[in-house]
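K.L.:
Handing you a structure now.
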Protein chains: 2
Amino acid sequence: MSVDERRRVRRLPREVRERQILDAAVTVFSAHGYHNASMDEVSEVAGVSKPMIYAYLGSKEDLFAACIRRESATLLAAISQGVSLELPPDMQLWHGLRAFFDFVGAQRASWQVLHRQAISQGGPFSDELIAMRRQAISLVDTLLVRTATRRGLDEQSTEALAAALVGAAESLADWWLDHPDVPSKVVASRLMNLVWMGFGDLVDGNTWSPAEHA
Amino acid sequence: MSVDERRRVRRLPREVRERQILDAAVTVFSAHGYHNASMDEVSEVAGVSKPMIYAYLGSKEDLFAACIRRESATLLAAISQGVSLELPPDMQLWHGLRAFFDFVGAQRASWQVLHRQAISQGGPFSDELIAMRRQAISLVDTLLVRTATRRGLDEQSTEALAAALVGAAESLADWWLDHPDVPSKVVASRLMNLVWMGFGDLVDGNTWSPAEHA
């Protein structure tokens, strides 16, 4: 490497380096799992020296937590951007679900790290995961479900529905990892049909009660 | 303790002892978490000596895994028993949801161990949890969703819907741990309304498509 090249490499801004490291870490963690992933491989894939990785992002544990934080922020941003508040509520939900499943489909490695790996590691990572779920529920509650409040559902009820919806989407995304041939749009459409055809009735004030069906 | 009393205590059948130990372990694990739970306290609460606990159920890790297996088997049995196949599908779903939320409500300690603790511990426990989720999805698929197959939904689609439904119920049960004042029936009814009023339309062949709403 010439002196000029060295200088150019060294001059890369910190954000760019961190992004390279995190991209590499997500790839390596999702391929080998947290325990079997080595910092040597992260360093090799990132093209960044191990001392620089430690200096920028800390230990392997810190690096994994940083991956979860970045990937969950990216996922939530993708959902937010997919949704446009001028749309009617069913189209908001549809766009939100499409954005979610498109993200999971395009970034299976991210989802593996976010979800399966973080759950299987436990400890501090499950705290990160719980924080991410809280944010997701709050986002869904704000974006989609509050629309229904104006139509008569109380606030606590919308939060519960948002929790159920987030759980359904997560679980379906997990199912999808084992059925990768199903297109993103089909998966999104299954959940849309399950919850919207229900939710649509709720919004119109049609509720189900056991008494009428006994 | 007299010789007679000693003999009576010693004569308790193994299943009874194991049940006492597991009951105590669920209480202690859910109160203190896996790491902080001590075998001394399990022994004290169970009224069974530590050597006998090790002899019957193994190490602390084995004991925790045995708790997850027993609690999940109990939960799945409660759901199966709650459902009667002669009922129409909506009443099957309603009884299944009631059984699930009644179990979680009555046995919050079990649910804590099953779900939050197992997730936060990771490792072998997340494998137990994943196995339990698979069984739950398969149960829901068999009991409830296949009904819909006869009305035109394909098999892979019902498995995906079962996964979504299990995820929604789990997530809502988790939300419920933080909102313990809401009655079991109200929580069950929220999920019923979300999914059945949707699912009901699906069963009748009414599906949602973005084209009609664009």
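Ordered as shown in the structure tokens, chains take letters A, B, and onward, while each chain numbers its residues from 1 and ligands are numbered from 1 in the order shown.
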Which residues are close to Gln117 (chain A), i.e. within 9 Å by only C-alpha atoms, leaving aside same-chain residues fewer than 3 positions away? Reply as a list of chain:residue names.
P.N.:
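Within the cut-off, the hits are A:Phe29, A:Ser30, A:Gly33, A:Tyr34, A:Trp111, A:Gln112, A:Val113, A:Leu114, A:Ser120, A:Gln121, A:Gly122, A:Phe125.
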K.L.:
Return the Cα root-mean-square deviation, in Å, for chain A superposed on chain B by least squares with the Cα atoms paired in order.
P.N.:
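Across the paired C-alpha atoms, the RMSD reaches 0.0 Å.
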K.L.:
Skipping near chain neighbours, those fewer than 2 positions away, what residues fall within 10 Å of region 75-81 of chain A using only C-alpha atoms, listed as a PDB file with C-alpha atoms, in the first residue's frame?
P.N.:
```
ATOM      1  CA  ARG A  69     -29.703  -1.333  17.934  1.00  0.00           C
ATOM      2  CA  ARG A  70     -28.784  -0.335  14.390  1.00  0.00           C
ATOM      3  CA  GLU A  71     -30.826  -3.063  12.697  1.00  0.00           C
ATOM      4  CA  SER A  72     -33.904  -2.342  14.797  1.00  0.00           C
ATOM      5  CA  ALA A  73     -33.621   1.404  14.114  1.00  0.00           C
ATOM      6  CA  VAL A  83     -46.541   4.486   5.856  1.00  0.00           C
ATOM      7  CA  SER A  84     -48.074   7.723   4.705  1.00  0.00           C
ATOM      8  CA  LEU A  85     -50.501   9.412   7.067  1.00  0.00           C
ATOM      9  CA  GLN A  92     -51.441   2.485   6.058  1.00  0.00           C
ATOM     10  CA  LEU A  93     -51.500  -0.981   7.581  1.00  0.00           C
ATOM     11  CA  HIS A  95     -47.879  -0.332   3.477  1.00  0.00           C
ATOM     12  CA  GLY A  96     -46.539  -0.867   6.994  1.00  0.00           C
ATOM     13  CA  LEU A  97     -46.768  -4.655   6.640  1.00  0.00           C
ATOM     14  CA  ARG A  98     -45.226  -4.544   3.168  1.00  0.00           C
ATOM     15  CA  ALA A  99     -42.327  -2.436   4.492  1.00  0.00           C
ATOM     16  CA  PHE A 100     -41.826  -4.855   7.394  1.00  0.00           C
ATOM     17  CA  PHE A 101     -41.842  -8.027   5.304  1.00  0.00           C
ATOM     18  CA  ASP A 102     -39.803  -6.419   2.518  1.00  0.00           C
ATOM     19  CA  PHE A 103     -37.178  -5.506   5.113  1.00  0.00           C
ATOM     20  CA  VAL A 104     -37.151  -9.002   6.596  1.00  0.00           C
ATOM     21  CA  GLN A 107     -32.244  -8.473   5.016  1.00  0.00           C
ATOM     22  CA  SER A 110     -30.455  -8.660   9.928  1.00  0.00           C
ATOM     23  CA  TRP A 111     -33.610 -10.400  11.025  1.00  0.00           C
ATOM     24  CA  LEU A 114     -32.260  -9.133  15.551  1.00  0.00           C
ATOM     25  CA  MET A 132     -37.103  -2.754  20.272  1.00  0.00           C
ATOM     26  CA  GLN A 135     -40.704   0.846  20.220  1.00  0.00           C
ATOM     27  CA  ALA A 136     -42.393  -1.237  17.537  1.00  0.00           C
ATOM     28  CA  LEU A 139     -44.951   2.938  16.522  1.00  0.00           C
ATOM     29  CA  VAL A 140     -47.819   0.692  15.443  1.00  0.00           C
ATOM     30  CA  LEU A 143     -49.290   5.124  13.213  1.00  0.00           C
TER      31      LEU A 143
END
```
K.L.:
Which of region 16-207 of chain B end up as alpha helix (DSSP H) when DSSP is run on this backbone - answer as a PyMOL selection string?
P.N.:
chain B and resi 16-36+39-46+50-57+60-82+89-106+108-111+118-121+124-140+146-149+155-177+184-203
K.L.:
Nearest residue to chain B out of A:Lys60, A:Arg108, A:His35, A:Arg14, using only C-alpha atoms?
P.N.:
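Under the stated criterion, the closest residue is A:His35.
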K.L.:
Nearest to Ala31 (chain A): which of A:Ile119, A:Ala109, A:Leu87, A:Ala162 is it, counting only C-alpha atoms?
P.N.:
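Among the listed residues, A:Ala109 lies closest to Ala31 (chain A).
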K.L.:
Calculated over only C-alpha atoms, which of the candidates B:Val45, B:Val26, B:Asp181, B:Ala164 has the smallest distance to chain A?
P.N.:
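Using only C-alpha atoms, chain A sits closest to B:Ala164.
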